[in-house]
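Coordinates as given in data-v4.csv (CSV, C-alpha atoms):
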```
chain,number,residue,atom,x,y,z
A,12,MET,CA,29.4,-33.1,39.9
A,13,LYS,CA,30.2,-33.3,36.3
A,14,ILE,CA,31.5,-36.6,35.0
A,15,LEU,CA,33.4,-37.2,31.9
A,16,ILE,CA,33.4,-40.7,30.4
A,17,LEU,CA,36.4,-41.3,28.2
A,18,PHE,CA,34.9,-44.3,26.4
A,19,ILE,CA,31.6,-46.0,26.1
A,20,GLY,CA,31.9,-49.3,28.1
A,21,MET,CA,31.9,-51.7,25.2
A,22,LEU,CA,33.7,-54.9,25.7
A,23,ILE,CA,35.0,-56.5,22.5
A,24,PRO,CA,36.9,-59.4,24.0
A,25,SER,CA,38.6,-61.3,21.2
A,26,LEU,CA,40.8,-60.9,18.1
A,27,GLY,CA,37.9,-61.9,15.9
A,28,PHE,CA,35.9,-58.7,16.5
A,29,ALA,CA,37.2,-56.0,14.3
A,30,HIS,CA,37.3,-54.7,10.8
A,31,SER,CA,40.2,-55.4,8.6
A,32,GLN,CA,41.7,-54.3,5.3
A,33,THR,CA,44.1,-55.9,2.9
A,34,PRO,CA,46.6,-55.5,1.3
A,35,GLY,CA,48.8,-53.7,3.8
A,36,PHE,CA,51.9,-52.0,2.5
A,37,GLN,CA,52.5,-51.8,-1.3
A,38,VAL,CA,54.8,-50.1,-3.7
A,39,VAL,CA,53.3,-50.0,-7.2
A,40,LYS,CA,54.6,-49.0,-10.6
A,41,PRO,CA,51.5,-47.9,-12.6
A,42,THR,CA,50.9,-48.5,-16.2
A,43,THR,CA,48.0,-46.0,-16.6
A,44,LEU,CA,47.6,-42.4,-15.4
A,45,ALA,CA,44.5,-43.4,-13.4
A,46,HIS,CA,46.0,-46.3,-11.5
A,47,PRO,CA,43.4,-48.7,-9.9
A,48,GLU,CA,44.0,-50.5,-6.6
A,49,THR,CA,41.5,-52.9,-5.0
A,50,TYR,CA,41.2,-53.3,-1.3
A,51,ILE,CA,39.3,-55.9,0.6
A,52,ILE,CA,37.5,-54.5,3.6
A,53,LYS,CA,35.9,-57.0,6.0
A,54,ASN,CA,33.5,-56.8,9.0
A,55,HIS,CA,34.6,-59.2,11.7
A,56,TYR,CA,32.2,-57.9,14.2
A,57,ASP,CA,29.0,-59.8,15.0
A,58,PHE,CA,26.9,-56.7,14.1
A,59,PRO,CA,26.5,-54.6,10.9
A,60,ILE,CA,28.9,-51.7,10.4
A,61,THR,CA,29.4,-48.9,8.0
A,62,LEU,CA,32.9,-48.2,6.8
A,63,ALA,CA,34.1,-45.1,4.8
A,64,ILE,CA,37.2,-45.0,2.7
A,65,GLU,CA,39.5,-42.0,3.0
A,66,VAL,CA,42.9,-41.3,1.5
A,67,TYR,CA,45.6,-39.2,3.2
A,68,ASN,CA,49.1,-38.0,2.4
A,69,LYS,CA,51.9,-39.5,4.4
A,70,ASP,CA,51.8,-36.4,6.7
A,71,GLY,CA,48.1,-37.1,7.5
A,72,SER,CA,46.7,-34.3,5.4
A,73,PRO,CA,43.8,-35.2,3.1
A,74,ALA,CA,45.1,-36.4,-0.3
A,75,GLU,CA,43.9,-35.2,-3.6
A,76,GLY,CA,43.9,-37.0,-7.0
A,77,TRP,CA,41.9,-40.1,-6.1
A,78,ARG,CA,38.3,-41.3,-6.6
A,79,MET,CA,36.3,-44.4,-5.8
A,80,ARG,CA,35.3,-46.4,-8.7
A,81,GLY,CA,31.5,-46.1,-8.9
A,82,ASN,CA,31.6,-42.9,-6.8
A,83,LYS,CA,30.7,-44.8,-3.7
A,84,TYR,CA,32.6,-43.8,-0.5
A,85,ALA,CA,30.8,-45.7,2.3
A,86,TRP,CA,29.7,-49.3,2.6
A,87,ASN,CA,27.4,-51.2,4.9
A,88,LEU,CA,28.7,-54.6,5.8
A,89,LEU,CA,26.8,-57.3,7.4
A,90,PRO,CA,28.6,-59.5,10.1
A,91,ASN,CA,31.5,-61.5,8.7
A,92,SER,CA,31.1,-60.1,5.2
A,93,SER,CA,33.6,-58.3,3.0
A,94,LYS,CA,33.6,-56.0,0.0
A,95,ASP,CA,36.2,-55.3,-2.7
A,96,VAL,CA,36.5,-51.6,-3.2
A,97,THR,CA,38.5,-50.1,-6.0
A,98,ILE,CA,40.2,-46.7,-5.9
A,99,GLU,CA,41.7,-44.9,-8.8
A,100,PHE,CA,44.7,-42.8,-8.1
A,101,LYS,CA,46.3,-40.1,-10.2
A,102,ALA,CA,49.6,-41.7,-11.0
A,103,VAL,CA,51.9,-38.7,-11.4
A,104,ASN,CA,55.3,-38.5,-9.7
A,105,VAL,CA,56.0,-40.4,-6.5
A,106,ARG,CA,53.0,-40.4,-4.1
A,107,LYS,CA,53.1,-41.7,-0.5
A,108,LEU,CA,49.6,-42.3,0.6
A,109,LEU,CA,47.6,-43.8,3.5
A,110,VAL,CA,44.4,-45.6,2.4
A,111,CYS,CA,42.1,-45.9,5.4
A,112,SER,CA,38.8,-47.6,6.1
A,113,LYS,CA,37.1,-45.8,9.0
A,114,LEU,CA,34.3,-47.1,11.2
A,115,ILE,CA,31.6,-44.5,10.9
A,116,GLY,CA,28.5,-46.4,11.9
A,117,VAL,CA,27.5,-49.3,14.2
A,118,GLY,CA,24.4,-51.5,13.8
A,119,TYR,CA,21.5,-51.1,11.4
A,120,GLU,CA,20.8,-47.6,12.8
A,121,GLN,CA,24.4,-46.6,11.9
A,122,GLU,CA,25.0,-45.1,15.4
A,123,LYS,CA,28.2,-43.2,15.7
A,124,PRO,CA,30.8,-45.3,17.4
A,125,SER,CA,32.4,-44.0,20.6
A,126,VAL,CA,35.7,-45.4,19.6
A,127,GLU,CA,36.3,-44.9,15.9
A,128,SER,CA,38.6,-47.5,14.5
A,129,ASN,CA,40.6,-46.7,11.5
A,130,VAL,CA,42.8,-49.2,9.6
A,131,CYS,CA,45.2,-47.7,7.1
A,132,SER,CA,47.3,-49.3,4.4
A,133,ARG,CA,50.5,-47.6,3.1
A,134,LEU,CA,50.7,-47.1,-0.6
A,135,ILE,CA,53.6,-45.8,-2.6
A,136,ILE,CA,52.9,-45.0,-6.2
A,137,ASP,CA,55.9,-44.6,-8.4
A,138,GLY,CA,54.1,-42.7,-11.1
A,139,PHE,CA,54.8,-41.1,-14.4
A,140,ARG,CA,57.3,-38.2,-14.2
A,141,ARG,CA,56.2,-34.8,-15.5
B,22,MET,CA,44.0,-62.9,1.2
B,23,LYS,CA,45.4,-66.4,1.4
B,24,ASN,CA,47.2,-67.4,-1.7
B,25,ILE,CA,48.7,-70.8,-1.7
B,26,ILE,CA,50.5,-71.9,-4.8
B,27,ALA,CA,50.9,-75.7,-5.0
B,28,THR,CA,53.3,-77.3,-7.4
B,29,SER,CA,51.9,-80.6,-8.6
B,30,ILE,CA,54.2,-83.2,-10.0
B,31,ALA,CA,53.1,-85.5,-12.7
B,32,LEU,CA,52.9,-89.1,-11.7
B,33,LEU,CA,55.7,-91.2,-13.2
B,34,THR,CA,55.3,-94.8,-14.0
B,35,ALA,CA,58.6,-96.3,-13.0
B,36,THR,CA,60.0,-99.3,-14.7
B,37,SER,CA,63.0,-101.3,-13.7
B,38,ALA,CA,64.8,-99.5,-16.5
B,39,MET,CA,64.2,-96.1,-15.1
B,40,ALA,CA,66.3,-94.5,-12.4
B,41,VAL,CA,64.2,-93.6,-9.5
B,42,ASP,CA,64.4,-90.0,-8.5
B,43,ASP,CA,64.0,-90.0,-4.8
B,44,THR,CA,63.9,-86.2,-4.6
B,45,LEU,CA,60.4,-86.1,-6.2
B,46,LYS,CA,57.9,-85.0,-3.6
B,47,TRP,CA,54.8,-82.8,-3.3
B,48,GLN,CA,55.7,-79.3,-2.5
B,49,GLY,CA,54.0,-75.9,-2.2
B,50,VAL,CA,54.9,-72.3,-1.6
B,51,THR,CA,52.7,-70.1,0.6
B,52,GLY,CA,51.8,-66.7,-0.8
B,53,THR,CA,53.1,-63.6,1.1
B,54,ASP,CA,49.6,-62.7,2.4
B,55,LEU,CA,49.1,-65.9,4.4
B,56,HIS,CA,50.4,-64.2,7.5
B,57,GLY,CA,50.0,-60.6,6.2
B,58,GLU,CA,49.5,-57.4,8.0
B,59,TRP,CA,46.7,-57.4,10.5
B,60,CYS,CA,45.3,-55.0,13.1
B,61,ALA,CA,42.3,-55.5,15.4
B,62,LEU,CA,40.8,-53.4,18.1
B,63,GLY,CA,40.4,-55.7,21.0
B,64,SER,CA,38.7,-54.8,24.3
B,65,VAL,CA,37.8,-51.3,25.2
B,66,VAL,CA,37.4,-50.4,28.8
B,67,THR,CA,35.7,-47.1,29.8
B,68,GLY,CA,37.6,-44.6,31.8
B,69,ASN,CA,36.2,-41.8,34.1
B,70,MET,CA,37.2,-38.3,34.7
B,71,THR,CA,35.9,-35.9,37.4
B,72,TYR,CA,35.5,-32.2,37.0
B,73,ASN,CA,37.4,-29.8,39.1
B,74,ALA,CA,35.4,-26.5,39.2
B,75,THR,CA,38.4,-24.5,40.5
B,76,THR,CA,40.8,-25.5,37.7
B,77,LYS,CA,38.0,-26.0,35.2
B,78,LYS,CA,39.6,-29.2,34.2
B,79,TRP,CA,38.7,-32.9,34.3
B,80,LEU,CA,41.2,-35.2,35.9
B,81,THR,CA,41.3,-39.0,35.3
B,82,THR,CA,39.9,-41.0,38.2
B,83,LYS,CA,39.9,-44.3,36.3
B,84,SER,CA,42.1,-44.9,33.3
B,85,ALA,CA,40.6,-46.1,30.0
B,86,LYS,CA,42.1,-49.1,28.3
B,87,ILE,CA,42.3,-50.1,24.7
B,88,VAL,CA,43.8,-53.4,23.5
B,89,VAL,CA,45.1,-53.6,20.0
B,90,THR,CA,46.3,-56.9,18.5
B,91,ALA,CA,48.5,-56.5,15.5
B,92,ARG,CA,50.9,-58.2,13.1
B,93,LYS,CA,53.5,-56.5,10.9
B,94,ILE,CA,52.1,-53.1,11.4
B,95,SER,CA,54.1,-49.8,11.5
B,96,ASN,CA,52.1,-47.5,13.8
B,97,VAL,CA,49.2,-47.3,16.3
B,98,LYS,CA,47.8,-43.9,17.2
B,99,VAL,CA,45.0,-43.0,19.7
B,100,GLU,CA,43.7,-39.5,19.7
B,101,SER,CA,40.6,-37.6,21.0
B,102,GLN,CA,38.1,-36.5,18.4
B,103,GLY,CA,38.2,-33.1,20.0
B,104,GLN,CA,34.5,-32.7,20.8
B,105,LEU,CA,32.4,-33.1,23.9
B,106,TYR,CA,29.4,-35.4,23.6
B,107,LYS,CA,26.3,-35.6,25.7
B,108,SER,CA,24.3,-38.8,25.1
B,109,ASN,CA,26.1,-39.5,21.8
B,110,SER,CA,25.4,-36.1,20.4
B,111,ALA,CA,28.1,-33.5,20.0
B,112,THR,CA,27.8,-30.4,22.2
B,113,THR,CA,29.0,-27.0,21.0
B,114,SER,CA,32.1,-27.4,23.1
B,115,ASN,CA,35.5,-28.5,21.9
B,116,VAL,CA,37.7,-30.3,24.3
B,117,THR,CA,41.5,-30.6,24.5
B,118,VAL,CA,42.7,-33.9,26.0
B,119,ASP,CA,46.2,-34.1,27.4
B,120,LEU,CA,47.1,-37.7,27.6
B,121,ASN,CA,50.0,-37.0,30.0
B,122,ASP,CA,49.3,-40.0,32.2
B,123,SER,CA,49.2,-42.7,29.5
B,124,TRP,CA,51.4,-45.7,28.9
B,125,VAL,CA,51.5,-48.9,26.9
B,126,ASP,CA,52.2,-52.5,27.8
B,127,VAL,CA,53.4,-54.8,25.1
B,128,THR,CA,53.2,-58.6,25.0
B,129,GLY,CA,53.5,-61.2,22.2
B,130,ALA,CA,55.6,-61.1,19.1
B,131,GLY,CA,58.5,-58.7,19.2
B,132,ALA,CA,57.5,-57.3,22.5
B,133,ASP,CA,61.0,-56.6,23.6
B,134,ALA,CA,61.8,-54.8,20.4
B,135,VAL,CA,58.6,-52.7,20.5
B,136,ARG,CA,59.3,-51.8,24.1
B,137,ALA,CA,62.9,-50.8,23.3
B,138,THR,CA,62.2,-48.7,20.2
B,139,LYS,CA,58.6,-47.5,20.6
B,140,THR,CA,58.0,-43.8,20.7
B,141,LEU,CA,55.0,-42.9,22.9
B,142,SER,CA,54.2,-39.3,22.7
B,143,PRO,CA,51.4,-38.7,25.2
B,144,THR,CA,50.3,-35.2,24.6
B,145,THR,CA,47.1,-35.0,22.6
B,146,VAL,CA,48.0,-38.2,20.7
B,147,ALA,CA,49.2,-41.5,22.2
B,148,GLU,CA,51.3,-43.0,19.4
B,149,ILE,CA,53.4,-46.1,19.2
B,150,THR,CA,55.8,-46.3,16.4
B,151,GLY,CA,58.6,-48.7,15.6
B,152,GLY,CA,59.9,-52.1,16.7
B,153,PHE,CA,57.0,-54.2,15.3
B,154,PRO,CA,58.1,-57.5,13.7
B,155,THR,CA,58.2,-57.5,9.9
B,156,SER,CA,57.9,-61.2,9.5
B,157,GLY,CA,56.3,-64.2,11.2
B,158,PRO,CA,52.8,-65.3,11.9
B,159,ASP,CA,52.5,-64.1,15.5
B,160,TYR,CA,50.7,-61.2,17.0
B,161,THR,CA,51.9,-58.2,19.1
B,162,ILE,CA,49.4,-57.2,21.7
B,163,LEU,CA,49.4,-53.6,22.9
B,164,THR,CA,47.5,-52.6,26.0
B,165,ILE,CA,47.2,-48.8,25.8
B,166,THR,CA,46.2,-47.2,29.1
B,167,LEU,CA,44.9,-43.6,28.8
B,168,GLY,CA,44.9,-41.0,31.5
B,169,GLY,CA,45.4,-37.3,31.9
B,170,THR,CA,43.3,-34.2,31.8
B,171,ALA,CA,40.6,-32.6,29.6
B,172,THR,CA,39.9,-29.0,29.1
B,173,VAL,CA,36.7,-27.7,27.6
B,174,THR,CA,36.8,-24.5,25.5
B,175,ASN,CA,33.5,-23.2,26.9
B,176,PRO,CA,33.1,-24.5,30.5
B,177,GLU,CA,30.2,-22.2,31.1
B,178,THR,CA,28.1,-24.3,28.8
B,179,LEU,CA,28.4,-27.4,31.1
B,180,ILE,CA,25.3,-28.5,32.9
B,181,GLU,CA,25.4,-29.5,36.6
B,182,ASP,CA,25.2,-33.2,37.4
B,183,SER,CA,25.5,-34.2,33.8
B,184,ALA,CA,27.6,-36.9,32.2
B,185,TYR,CA,29.7,-36.1,29.1
B,186,GLN,CA,31.8,-38.2,26.9
B,187,VAL,CA,35.0,-37.7,24.9
B,188,HIS,CA,35.2,-40.0,21.9
B,189,HIS,CA,38.5,-41.3,20.6
B,190,LYS,CA,39.9,-42.5,17.3
B,191,VAL,CA,42.3,-45.5,17.1
B,192,THR,CA,44.3,-45.6,13.9
B,193,CYS,CA,46.4,-48.6,12.9
B,194,THR,CA,48.7,-48.2,10.0
B,195,LEU,CA,49.7,-51.4,8.3
```
Write out the structure in this file as structure tokens.
Amino acid sequence: MKILILFIGMLIPSLGFAHSQTPGFQVVKPTTLAHPETYIIKNHYDFPITLAIEVYNKDGSPAEGWRMRGNKYAWNLLPNSSKDVTIEFKAVNVRKLLVCSKLIGVGYEQEKPSVESNVCSRLIIDGFRR
Amino acid sequence: MKNIIATSIALLTATSAMAVDDTLKWQGVTGTDLHGEWCALGSVVTGNMTYNATTKKWLTTKSAKIVVTARKISNVKVESQGQLYKSNSATTSNVTVDLNDSWVDVTGAGADAVRATKTLSPTTVAEITGGFPTSGPDYTILTITLGGTATVTNPETLIEDSAYQVHHKVTCTL
């Protein structure tokens, strides 16, 4: 008999175990063409994790016109630690984006998680008109 | 980020000649992020499916559960990653999961509103949209129960008496 397991049996019993991201929803009026936004990503788990930053359009398709300051796209976070990550967005026209931190690794060995949590902030950039 | 702005008031030395302003008091204003948006993946309970060789489909025999605790969010989405795994390594088979036997229980802040307005579209994605409170410090708790069927693109690649996994992604949009 073949058995399919929907999820790895991992009990994470309380609110404190998660990763988080702030700020949440923002509407910004940029002053420069490469508009910087800083997000705080935090590891609330009691084990190390690796988070990756990804940016999508409102419809879920991958967004263009953004880059991580320092060209770093993934971060290892120790338990109860946080990192400020700065993203630069091309600020042309109105852009409706989802800025997401995705759990891509668990533990020091960075094992692939069976449940990939993804926390996304909405960002509207009311950019320069062309 | 907590941001508390406190307004300090200079001490006044009152003399009998001064009128006493009894409205003077210490006061402060909390920043908007004090009870900001929040989303946490709570407990995750493994589900099981059993393979039916005739229909070449897996059918849920034990539902999986995910608890999401959230505040002031706009959307929660659960979807399969679309690949079959064997011991944490992806196989060559893609899998289509039909979450047609899924539902969500809501408790906590705004539970009635979320129940009344939520849109749960249990096909390949279990998605809850709408009704979440936009203010207040309290949390909404979503218990998402997942069930349904799974179909593998290449069933001939499956090995007898083997255990496979389907991994899922939970996306919470603030």
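Computed from the coordinates, the atom CA of Val39 of chain A to atom CA of Asp95 of chain A distance equals 18.5 Å.
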task: Give the answer as one residue: which of A:Val117, A:Leu89, A:Ile51, A:Leu44 has the shortest atom-to-atom distance to chain B, using all atoms listed in the file?
output: A:Ile51
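Checking A:Glu122, A:Asp70, A:Asp57, A:Asp137 one by one against chain B, counting only C-alpha atoms, you find the shortest gap at A:Glu122.
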task: Up to 8 Å from chain A, what residues of chain B turn up? Count all atoms listed in the file and give them as a PyMOL selection string.
output: chain B and resi 22+54+57-72+79+85+90+109+180-195
message: What's the separation between atom CA of Tyr84 of chain A and atom CA of His46 of chain A, in Å to one decimal place?
response: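 Distance between the two atoms: 17.5 Å.
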